[in-house]
4 protein chains.
Amino acid sequence: MKAAIIGGTGYGSIELVRLINKHPYLKIGSVVSNSQAGESFSEIYPHITDIIDQPLEIFDTESLCNKNDVVFLATPSGISKNLVPQLFEKGIMCIDLSGDFRLRSGKEYERWYKHSPSHEIFLHQATYGLSEIYSEEIKNSTLIANPGCYSTASLLGLLPIIKTNIVDLDSIIIDAKSGVSGAGRGLSITSHFAEINENLKAYKLGAHQHIPEIEQVLQDEAGSPITITFTPHLVPMTRGIMCTVYISLKEDVTTNEIHQLYSEFYKNKPFIRVRPEGTLPATKEVLGSNYCDIGLHVDPRTNRLTIISVIDNLVKGAAGQAIQNVNLMNGWDERTGLEDVPMYP
Amino acid sequence: MKAAIIGGTGYGSIELVRLINKHPYLKIGSVVSNSQAGESFSEIYPHITDIIDQPLEIFDTESLCNKNDVVFLATPSGISKNLVPQLFEKGIMCIDLSGDFRLRSGKEYERWYKHSPSHEIFLHQATYGLSEIYSEEIKNSTLIANPGCYSTASLLGLLPIIKTNIVDLDSIIIDAKSGVSGAGRGLSITSHFAEINENLKAYKLGAHQHIPEIEQVLQDEAGSPITITFTPHLVPMTRGIMCTVYISLKEDVTTNEIHQLYSEFYKNKPFIRVRPEGTLPATKEVLGSNYCDIGLHVDPRTNRLTIISVIDNLVKGAAGQAIQNVNLMNGWDERTGLEDVPMYP
Amino acid sequence: MKAAIIGGTGYGSIELVRLINKHPYLKIGSVVSNSQAGESFSEIYPHITDIIDQPLEIFDTESLCNKNDVVFLATPSGISKNLVPQLFEKGIMCIDLSGDFRLRSGKEYERWYKHSPSHEIFLHQATYGLSEIYSEEIKNSTLIANPGCYSTASLLGLLPIIKTNIVDLDSIIIDAKSGVSGAGRGLSITSHFAEINENLKAYKLGAHQHIPEIEQVLQDEAGSPITITFTPHLVPMTRGIMCTVYISLKEDVTTNEIHQLYSEFYKNKPFIRVRPEGTLPATKEVLGSNYCDIGLHVDPRTNRLTIISVIDNLVKGAAGQAIQNVNLMNGWDERTGLEDVPMYP
Amino acid sequence: MKAAIIGGTGYGSIELVRLINKHPYLKIGSVVSNSQAGESFSEIYPHITDIIDQPLEIFDTESLCNKNDVVFLATPSGISKNLVPQLFEKGIMCIDLSGDFRLRSGKEYERWYKHSPSHEIFLHQATYGLSEIYSEEIKNSTLIANPGCYSTASLLGLLPIIKTNIVDLDSIIIDAKSGVSGAGRGLSITSHFAEINENLKAYKLGAHQHIPEIEQVLQDEAGSPITITFTPHLVPMTRGIMCTVYISLKEDVTTNEIHQLYSEFYKNKPFIRVRPEGTLPATKEVLGSNYCDIGLHVDPRTNRLTIISVIDNLVKGAAGQAIQNVNLMNGWDERTGLEDVPMYP
């Protein structure tokens with residue numbers, strides 16, 4: 001199968017290139033970048049010299065759909081909402097890595113993204129691509145809203161406990177930390193090396209666009225309204241997200257009981273590794289891989305559960321989960337092309 | 001005045017050297033290191049070549065007290081409890097940068113530090129050296145228990161709000177992030193470059209020895225028992241601590257009202273910078289300085305207050321606050337020798 | 001085929017694990033670590049949890065040779081010289097990643113490594129495993145001395161020009177820069193995060209053990225004695241080596257002519273990418289891959305050629321080239337299992 | 001004395017702020033930034049909150065000269081050449097940190113900087129501010145061309161040996177490595193965190209604008225034409241420059257003899273630390289300070305001298321040397337305000 005990548009010069013795209021290259025059933029058909037069309041892809045990213053030297057193309061629905069079987073949209077928010085309708089009409093599989101189709105409510109989209117939303121009809125056509133949770137829906141969908149990086153780590157950490165009766169749903173706090181690649185390749189003083197290196201900063205308190213996405217899924221699964229506190233931080237590293245999640249327990253439960261609950265919940269999910277009691281995952285331990293590793297700790301002093309969940313933001317938080325979804329959509333083993341051991345150190 | 005530094009080869013000591021060197025009334029008298037006595041200090045730390053080339057000395061109470069007017073103990077926990085009694089008897093000013101004299105209860109010390117405690121009499125003689133809060137007591141003391149790095153950032157962030165009636169004292173969560181210098185110069189796989197670089201990890205969940213220290217002070221100030229959740233993380237940078245503190249508000253308050261409360265609380269405290277509403281401090285913005293910068297944010301969606309407090313762990317979190325305390329003890333302006341602009345970038 | 005890894009807890013070994021895992025014809029048979037035998041491999045390296053959870057084994061020739069078809073020795077220098085003779089006798093393929101079999105002269109080994117050498121007979125049995133240059137010899141050998149990381153980058157950069165008559169063989173200077181993982185996982189103040197981060201240092205001037213290895217190969221290829229200046233530096237990053245090589249031209253040659261020479265020399269070598277004129281490779285552009293990228297520049301002002309060659313020290317500089325050699329030894333395509341796109345960013 | 005800083009929002013300027021703040025005889029008068037005039041300085045650089053909150057001013061010769069006694073120009077190249085003539089006419093002391101007045105030949109300036117040069121008259125009025133070498137000329141000058149960062153480290157490393165007869169002046173190679181702050185605060189993909197972190201790259205081979213500056217001084221001092229090879233590299237750290245300099249010896253000399261020569265040459269120069277034989281300086285060992293540390297090594301195998309010289313690019317390579325020059329111009333001790341111990345770790 002041939003895959004097209006739209007938004008070719010961002011980090012999401014170049015990570016798709018890396019992963020598609022090792023996928024046995026996928027091959028790169030087109031790489032689209034309206035702003036740099038005609039240029040050689042390997043001049044922009046010299047690390048793919050001799051591997052992919054094709055020129056960047058301009059967006060053209062007709063030609064794209066003729067040459068490709070699946071389209072990955074790795075564009076900034078506000079772009080794919082205009083491209084997907086044309087592609088959807090052609091019946092081609094679309095995986096949108098931006099936030100344009102993640103929220104079912106156009107009003108909420110507008111509030112958090114400050115753009116006008118896509119037409120409601122597409123918002124409802126899109127399947128939220130959290131692979132471990134919605135695999136059945138994904139298999140039957142042709143338009144996937146690939147989850148946000150923070151949302152993936154937060155939700156995979158929270159979902160097993162959220163459906164039980166033992167937690168206080170009003171107590172959820174997510175302290176999130178991300179490497180800088182999450183901010184993309186666009187130039188900004190907040191991604192300038194000398195400003196970020198040896199520095200740690202919090203940003204967008206109570207205002208990050210992944211908040212409504214996380215709340216939407218939590219509410220769907222818990223069956224009641226949930227409001228979270230979410231604080232993202234920028235860490236001086238390139239890749240990796242850690243979400244440290246706090247939630248109050250309504251009854252006495254041990255770490256061991258929580259551990260069993262999570263192990264059971266994820267027992268057939270090859271990319272989720274619930275770490276042994278007494279150990280905690282670090283971001284580097286999933287580097288370059290599609291794993292989401294989870295550590296659990298109940299503090300009997302406060303009767304609060306702390307969940308540590310880590311992913312590589314560009315893999316499980318973007319390109320890797322996108323491939324996993326394509327695997328599901330095609331009835332392939334979800335691990336296909338994603339079986340790499342994390343790169344360590 | 002002459003100052004002695006005990007525990008000469010650690011990062012706390014070498015930072016004391018840097019700060020004493022620019023202090024107008026202090027001069028280095030002795031540098032003690034039993035393990036490396038006789039060696040030249042500048043062979044261990046070549047950056048002080050031509051500045052301080054004196055040999056390291058062995059610990060000897062008599063000689064130390066003859067040659068010096070103040071003693072800084074920058075030893076690992078469990079050491080100074082044995083040295084301070086001898087020094088205290090001589091009446092020399094002692095600033096202990098370790099945890100040995102911070103907890104009033106020997107039992108608590110034993111529980112968290114896994115060492116036997118100092119004699120109760122000394123635990124009660126020691127003044128907790130959080131300079132902004134206990135300046136009066138510090139002025140009248142000759143034995144200072146210099147606060148822990150995490151404790152300093154956490155307490156300075158929490159104390160203004162803790163004495164009000166508007167917060168739920170059971171809801172305190174401190175998500176703390178530290179640079180690696182906090183772990184000292186001792187070799188360990190958890191400080192090994194290739195393991196830490198491009199990595200982020202949480203550690204000692206519910207078990208860090210700064211927990212009882214923070215709780216002791218919070219309880220003293222609030223007048224009621226307080227139990228906190230505290231999660232330290234190791235960030236791939238050398239210096240800097242950020243505490244992201246969460247606390248639930250019992251009534252509707254705006255960020256602006258909280259900001260006024262903090263500004264008022266710290267109005268004559270030159271090292272505390274309450275940042276303008278809508279802005280948040282980053283760790284690099286206090287690098288090399290004695291500042292503690294505080295950012296405040298109330299999320300009306302959850303009615304939770306988030307406090308971001310940052311320090312340089314080796315300055316306000318250790319050597320700088322120690323100097324500030326010596327300034328107070330001697331009746332000097334507390335800023336003496338500590339007026340550097342942070343080093344940026 | 002089953003592969004054994006000896007020296008299981010170092011970075012060379014864990015990189016072999018990553019690469020063997022994606023190799024279609026290789027599988028891990030045994031992982032040997034005398035110092036940690038019996039322990040679970042994934043407790044030491046949690047990133048391989050659920051992938052390789054087998055216990056570490058003690059070294060035993062008999063059992064090793066029964067269970068495996070090829071042995072990788074990723075031990076510190078001075079160890080494999082004692083193990084290889086036993087393995088060699090059994091006829092099993094051995095790839096030694098240490099320096100023990102790289103120098104043909106035992107006397108030279110002793111001078112640079114400060115250990116007594118292996119028996120001369122084995123030093124002469126070993127084939128120097130610089131895959132691009134000695135592929136024919138490697139195909140017919142069962143004992144490979146896998147090249148040093150600095151040596152690989154230096155030699156691949158120098159060899160095309162060294163056989164011409166246009167350079168002054170007495171003028172070679174190699175200014176080498178390496179990430180810290182090259183120093184291994186052993187604890188040392190020179191790998192301590194706070195000492196390395198935001199720091200750059202040169203070390204072992206004129207004394208690095210890769211010097212005689214580089215000179216031996218240069219002499220073999222040039223047919224005359226060559227003495228080089230080699231200066232290694234430690235760069236605050238985990239992976240990557242860059243060698244900036246200087247050599248004087250005896251006649252007027254253009255960058256373009258040199259570029260053609262190199263392109264021709266490496267035309268069928270899939271892992272060598274001679275970069276287009278006017279561009280230079282960066283270390284991150286080969287991260288995680290087996291590529292060696294080369295940039296060339298002639299300065300007409302000085303008539304000196306500068307060669308920039310970059311590798312991932314743990315891949316082409318160690319584990320990757322070891323796999324490449326096993327591919328050659330078995331008559332497989334040398335790219336087998338090594339076709340990954342570099343991980344960027 | 002009051003000091004004006006022109007080009008207020010760059011890293012050179014903010015470092016001048018840090019140093020002027022601790023200088024006993026200097027105070028900041030004006031900070032000029034035409035592009036951001038009217039804005040508060042501490043909004044752009046929050047780390048100076050409560051220290052310097054004054055607004056940025058527009059450039060106005062009259063007002064500047066009325067309010068200030070000395071002017072630092074920390075503008076990009078091509079700007080100060082237009083401002084200095086107006087200031088010079090007023091007789092105010094000018095220290096230009098850009099390259100506009102470093103080359104005596106306008107033609108050379110145009111060749112390397114690709115701008116039209118300043119008028120020849122000013123190029124000859126300017127004194128090259130390499131403080132240790134030209135202190136007498138600096139004392140009698142009112143217009144200082146402050147040296148480039150690479151030039152400072154290179155020249156201080158080379159000058160003692162260049163005047164002897166024992167070296168081959170055609171053999172000079174400078175392999176230079178710099179932290180990223182040297183590229184300034186202007187946004188560029190080559191200063192983008194995710195591109196620089198864990199990466200090492202060479203750039204501008206044979207084309208860096210510090211080449212003619214270094215050659216001009218070497219020629220002045222050696223009395224004969226000198227052409228150098230100079231290769232700058234970008235290292236993933238914020239501050240610090242190391243120049244590894246190679247030069248061939250025409251006769252047999254020992255490291256010890258070279259060491260004595262350097263020690264003698266710099267014996268009354270407080271900011272130059274010639275490191276003990278057998279040791280080498282690292283960049284972090286001068287961090288935040290005005291030191292230039294030098295290590296020396298003769299390799300008897302090749303009869304080549306290697307000189308390692310390190311500075312903090314923003315201090316001795318820019319703002320610190322500028323202050324040192326103002327000290328000299330005013331007849332103050334050259335160490336005034338510059339006596340800080342380097343910040344380590």
# chains A, B, ... in the order shown; residues from 1 in each chain; ligands from 1
>>> select_by_dssp(residues="stretch 86-245 of chain B", states="strand (DSSP E)", output="VMD selection string")
chain B and resid 93 to 96 127 to 128 143 to 145 173 to 178 201 to 202 229 to 234 241 to 245
>>> closest_atom_pairs(of="chain C", to="chain B", cutoff="6 Å", atoms="only C-alpha atoms", output="tab-separated table")
residue	atom	partner	partner_atom	distance
C:Ser181	CA	B:Ala194	CA	5.7
C:Ser191	CA	B:Phe193	CA	5.5
C:His192	CA	B:His192	CA	4.9
C:Phe193	CA	B:Phe193	CA	4.1
C:Ala194	CA	B:Thr238	CA	5.3
C:Thr238	CA	B:Ala194	CA	5.3
>>> write_last_selection(atoms="N, CA and C atoms", output="PDB file, in the first residue's frame")
ATOM      1  N   SER C 181      28.329   8.272  25.571  1.00  0.00           N
ATOM      2  CA  SER C 181      28.051   6.829  25.666  1.00  0.00           C
ATOM      3  C   SER C 181      29.279   6.016  25.276  1.00  0.00           C
ATOM      4  N   SER C 191      31.958  10.867  33.535  1.00  0.00           N
ATOM      5  CA  SER C 191      30.661  10.605  32.904  1.00  0.00           C
ATOM      6  C   SER C 191      29.513  11.058  33.794  1.00  0.00           C
ATOM      7  N   HIS C 192      29.835  11.805  34.831  1.00  0.00           N
ATOM      8  CA  HIS C 192      28.840  12.269  35.809  1.00  0.00           C
ATOM      9  C   HIS C 192      28.077  13.443  35.179  1.00  0.00           C
ATOM     10  N   PHE C 193      26.762  13.351  35.188  1.00  0.00           N
ATOM     11  CA  PHE C 193      25.965  14.322  34.431  1.00  0.00           C
ATOM     12  C   PHE C 193      26.354  15.777  34.676  1.00  0.00           C
ATOM     13  N   ALA C 194      26.421  16.168  35.950  1.00  0.00           N
ATOM     14  CA  ALA C 194      26.663  17.585  36.248  1.00  0.00           C
ATOM     15  C   ALA C 194      28.052  18.062  35.820  1.00  0.00           C
ATOM     16  N   THR C 238      24.715  12.133  24.073  1.00  0.00           N
ATOM     17  CA  THR C 238      24.845  10.716  24.381  1.00  0.00           C
ATOM     18  C   THR C 238      25.524   9.943  23.261  1.00  0.00           C
TER      19      THR C 238
END
>>> residues_around(residues="B:Thr306", least_positions_apart="6", cutoff="9 Å", atoms="only C-alpha atoms", output="PyMOL selection string")
(chain A and resi 205+231) or (chain B and resi 244-248+295-299)
>>> write_last_selection(atoms="C-alpha atoms", output="short mmCIF file (atom, residue, chain, number, x, y, z; two decimals), in the first residue's frame")
data_model
loop_
_atom_site.label_atom_id
_atom_site.label_comp_id
_atom_site.auth_asym_id
_atom_site.auth_seq_id
_atom_site.Cartn_x
_atom_site.Cartn_y
_atom_site.Cartn_z
CA LEU A 205 -2.01 26.69 32.46
CA THR A 231 -0.40 21.66 33.52
CA THR B 244 4.29 22.94 40.67
CA VAL B 245 1.94 23.07 43.64
CA TYR B 246 -1.78 22.28 43.50
CA ILE B 247 -4.28 23.26 46.18
CA SER B 248 -8.07 23.43 46.15
CA GLY B 295 3.86 32.41 39.46
CA LEU B 296 0.18 32.04 40.35
CA HIS B 297 -2.84 30.77 38.46
CA VAL B 298 -6.40 30.07 39.54
CA ASP B 299 -8.34 27.85 37.18
#
>>> residues_around(residues="A:Ile258", least_positions_apart="4", cutoff="10 Å", atoms="only C-alpha atoms", output="PyMOL selection string")
chain A and resi 160-161+253-254+262-264+277+296-298+305
>>> write_last_selection(atoms="N, CA, C and O atoms", output="mmCIF file, in the first residue's frame")
data_model
loop_
_atom_site.group_PDB
_atom_site.id
_atom_site.type_symbol
_atom_site.label_atom_id
_atom_site.label_comp_id
_atom_site.auth_asym_id
_atom_site.auth_seq_id
_atom_site.Cartn_x
_atom_site.Cartn_y
_atom_site.Cartn_z
ATOM 1 N N PRO A 160 -8.056 2.906 32.954
ATOM 2 C CA PRO A 160 -8.399 1.715 33.734
ATOM 3 C C PRO A 160 -9.052 2.061 35.082
ATOM 4 O O PRO A 160 -9.951 1.350 35.532
ATOM 5 N N ILE A 161 -8.612 3.149 35.695
ATOM 6 C CA ILE A 161 -9.137 3.463 37.029
ATOM 7 C C ILE A 161 -10.436 4.255 36.952
ATOM 8 O O ILE A 161 -11.254 4.233 37.876
ATOM 9 N N VAL A 253 -7.185 1.102 49.121
ATOM 10 C CA VAL A 253 -6.762 0.135 48.108
ATOM 11 C C VAL A 253 -5.238 0.115 48.137
ATOM 12 O O VAL A 253 -4.611 1.138 48.428
ATOM 13 N N THR A 254 -4.632 -1.010 47.839
ATOM 14 C CA THR A 254 -3.169 -1.077 47.842
ATOM 15 C C THR A 254 -2.641 -0.877 46.412
ATOM 16 O O THR A 254 -3.369 -1.061 45.431
ATOM 17 N N TYR A 262 -4.749 -2.774 36.486
ATOM 18 C CA TYR A 262 -4.154 -2.280 35.241
ATOM 19 C C TYR A 262 -3.631 -3.421 34.372
ATOM 20 O O TYR A 262 -3.785 -3.419 33.149
ATOM 21 N N SER A 263 -3.028 -4.407 35.003
ATOM 22 C CA SER A 263 -2.479 -5.532 34.247
ATOM 23 C C SER A 263 -3.602 -6.274 33.527
ATOM 24 O O SER A 263 -3.461 -6.687 32.369
ATOM 25 N N GLU A 264 -4.683 -6.420 34.217
ATOM 26 C CA GLU A 264 -5.849 -7.085 33.627
ATOM 27 C C GLU A 264 -6.405 -6.260 32.466
ATOM 28 O O GLU A 264 -6.669 -6.771 31.371
ATOM 29 N N GLU A 277 5.341 -3.487 40.311
ATOM 30 C CA GLU A 277 5.192 -2.706 41.544
ATOM 31 C C GLU A 277 6.548 -2.289 42.082
ATOM 32 O O GLU A 277 7.488 -3.082 42.115
ATOM 33 N N LEU A 296 2.686 2.733 38.869
ATOM 34 C CA LEU A 296 1.565 2.998 39.779
ATOM 35 C C LEU A 296 2.055 3.069 41.216
ATOM 36 O O LEU A 296 2.923 2.297 41.622
ATOM 37 N N HIS A 297 1.471 3.977 41.977
ATOM 38 C CA HIS A 297 1.866 4.100 43.381
ATOM 39 C C HIS A 297 0.724 4.665 44.205
ATOM 40 O O HIS A 297 0.234 5.763 43.933
ATOM 41 N N VAL A 298 0.320 3.913 45.205
ATOM 42 C CA VAL A 298 -0.672 4.424 46.154
ATOM 43 C C VAL A 298 0.067 4.879 47.406
ATOM 44 O O VAL A 298 0.883 4.134 47.960
ATOM 45 N N LEU A 305 -3.711 8.043 44.571
ATOM 46 C CA LEU A 305 -3.021 7.222 43.584
ATOM 47 C C LEU A 305 -2.222 8.139 42.658
ATOM 48 O O LEU A 305 -2.753 9.136 42.161
#
>>> residues_around(residues="C:Asp53", least_positions_apart="4", cutoff="7 Å", atoms="only C-alpha atoms", output="list of chain:residue names")
C:Ser40, C:Phe41, C:Ser42, C:Thr49
>>> write_last_selection(atoms="N, CA and C atoms", output="mmCIF file, in the first residue's frame")
data_model
loop_
_atom_site.group_PDB
_atom_site.id
_atom_site.type_symbol
_atom_site.label_atom_id
_atom_site.label_comp_id
_atom_site.auth_asym_id
_atom_site.auth_seq_id
_atom_site.Cartn_x
_atom_site.Cartn_y
_atom_site.Cartn_z
ATOM 1 N N SER C 40 17.817 -10.715 36.199
ATOM 2 C CA SER C 40 17.021 -10.560 34.992
ATOM 3 C C SER C 40 17.576 -9.385 34.192
ATOM 4 N N PHE C 41 17.725 -9.600 32.895
ATOM 5 C CA PHE C 41 18.292 -8.566 32.026
ATOM 6 C C PHE C 41 17.408 -7.314 32.039
ATOM 7 N N SER C 42 16.099 -7.500 32.114
ATOM 8 C CA SER C 42 15.192 -6.354 32.026
ATOM 9 C C SER C 42 15.099 -5.587 33.340
ATOM 10 N N THR C 49 11.812 -4.589 28.987
ATOM 11 C CA THR C 49 10.699 -5.286 29.649
ATOM 12 C C THR C 49 9.731 -5.852 28.606
#
>>> residues_around(residues="A:Leu155", least_positions_apart="3", cutoff="8 Å", atoms="only C-alpha atoms", output="ChimeraX atom specification")
/A:151-152,158-159,214,217-218
>>> residues_around(residues="stretch 108-111 of chain C", least_positions_apart="5", cutoff="10 Å", atoms="only C-alpha atoms", output="list in words")
Gly99, Asp100, Phe101, Arg102, Leu103, Ser116, Pro117, Ser118, Ala207, Gln209, Pro212 and Glu213 of chain C
>>> write_last_selection(atoms="all heavy atoms", output="compact mmCIF listing (two decimals), in the first residue's frame")
# COMPACT_ATOMS: atom_id res chain seq x y z
N GLY C 99 39.22 -3.92 22.01
CA GLY C 99 40.44 -3.65 21.26
C GLY C 99 41.43 -4.80 21.26
O GLY C 99 42.52 -4.69 20.70
N ASP C 100 41.06 -5.93 21.86
CA ASP C 100 42.06 -6.97 22.13
C ASP C 100 42.69 -7.62 20.90
O ASP C 100 43.79 -8.17 20.98
CB ASP C 100 41.46 -8.05 23.03
CG ASP C 100 41.43 -7.62 24.50
OD1 ASP C 100 41.70 -6.44 24.76
OD2 ASP C 100 41.12 -8.46 25.36
N PHE C 101 41.98 -7.60 19.77
CA PHE C 101 42.53 -8.28 18.59
C PHE C 101 42.74 -7.36 17.40
O PHE C 101 42.90 -7.80 16.27
CB PHE C 101 41.62 -9.46 18.20
CG PHE C 101 41.60 -10.52 19.26
CD1 PHE C 101 40.65 -10.48 20.28
CD2 PHE C 101 42.56 -11.52 19.29
CE1 PHE C 101 40.65 -11.45 21.29
CE2 PHE C 101 42.56 -12.48 20.30
CZ PHE C 101 41.61 -12.44 21.30
N ARG C 102 42.73 -6.04 17.68
CA ARG C 102 42.84 -5.11 16.56
C ARG C 102 44.28 -4.87 16.10
O ARG C 102 44.52 -4.63 14.92
CB ARG C 102 42.21 -3.77 16.94
CG ARG C 102 40.71 -3.86 17.13
CD ARG C 102 40.16 -2.49 17.49
NE ARG C 102 38.82 -2.60 18.03
CZ ARG C 102 38.30 -1.76 18.93
NH1 ARG C 102 39.02 -0.74 19.36
NH2 ARG C 102 37.07 -1.94 19.38
N LEU C 103 45.20 -4.89 17.04
CA LEU C 103 46.60 -4.61 16.69
C LEU C 103 47.34 -5.91 16.42
O LEU C 103 47.27 -6.84 17.23
CB LEU C 103 47.28 -3.84 17.83
CG LEU C 103 46.62 -2.51 18.22
CD1 LEU C 103 47.43 -1.84 19.33
CD2 LEU C 103 46.48 -1.58 17.03
N SER C 116 48.84 -6.98 29.19
CA SER C 116 49.60 -7.92 28.36
C SER C 116 48.70 -8.34 27.21
O SER C 116 47.49 -8.45 27.35
CB SER C 116 50.04 -9.13 29.18
OG SER C 116 48.90 -9.84 29.61
N PRO C 117 49.28 -8.59 26.04
CA PRO C 117 48.46 -8.89 24.84
C PRO C 117 48.02 -10.34 24.78
O PRO C 117 48.47 -11.17 25.56
CB PRO C 117 49.44 -8.58 23.71
CG PRO C 117 50.79 -8.89 24.28
CD PRO C 117 50.71 -8.56 25.75
N SER C 118 47.16 -10.61 23.82
CA SER C 118 46.78 -11.98 23.49
C SER C 118 47.98 -12.66 22.82
O SER C 118 48.94 -12.01 22.42
CB SER C 118 45.60 -11.93 22.52
OG SER C 118 45.30 -13.21 22.03
N ALA C 207 47.55 9.99 23.31
CA ALA C 207 47.64 8.78 24.13
C ALA C 207 46.45 7.85 23.96
O ALA C 207 46.36 6.84 24.64
CB ALA C 207 47.78 9.17 25.60
N GLN C 209 44.08 4.95 22.72
CA GLN C 209 44.41 3.61 22.20
C GLN C 209 43.92 3.36 20.77
O GLN C 209 44.27 2.33 20.18
CB GLN C 209 43.87 2.53 23.16
CG GLN C 209 42.34 2.42 23.25
CD GLN C 209 41.71 3.42 24.22
OE1 GLN C 209 42.36 4.35 24.71
NE2 GLN C 209 40.43 3.24 24.49
N PRO C 212 47.13 3.75 17.47
CA PRO C 212 47.89 2.71 16.74
C PRO C 212 47.00 1.93 15.78
O PRO C 212 47.49 1.44 14.75
CB PRO C 212 48.42 1.81 17.87
CG PRO C 212 47.49 2.06 19.03
CD PRO C 212 47.10 3.50 18.92
N GLU C 213 45.75 1.81 16.11
CA GLU C 213 44.82 1.08 15.23
C GLU C 213 44.62 1.84 13.92
O GLU C 213 44.67 1.25 12.83
CB GLU C 213 43.48 0.94 15.99
CG GLU C 213 42.38 0.24 15.25
CD GLU C 213 41.09 0.24 16.08
OE1 GLU C 213 41.15 0.40 17.33
OE2 GLU C 213 40.01 0.11 15.48
>>> closest_residue(among="C:Ser141, C:Thr61, C:Thr229, C:Ser80", to="D:Arg301", atoms="only C-alpha atoms")
C:Thr229
>>> select_by_dssp(residues="stretch 8-253 of chain B", states="helix (DSSP H, G or I)", output="number ranges by chain")
B: 11-21, 34-36, 41-44, 46-48, 61-67, 80-89, 106-113, 120-125, 135-139, 149-162, 169-171, 180-183, 189-191, 193-196, 210-222
>>> closest_residue(among="C:Trp332, C:Tyr150, C:Tyr134, C:Tyr203", to="C:Cys243", atoms="only C-alpha atoms")
C:Tyr150
>>> closest_residue(among="B:Lys201, B:His119, B:Lys177, B:His23", to="A:Lys284", atoms="only C-alpha atoms")
B:Lys201
>>> closest_residue(among="B:Ile226, B:Glu89, B:Ile95, B:Gly157", to="B:His259", atoms="only C-alpha atoms")
B:Gly157
>>> atom_distance(atom1="atom CA of D:Phe122", atom2="atom CA of D:Gly223")
23.7 Å
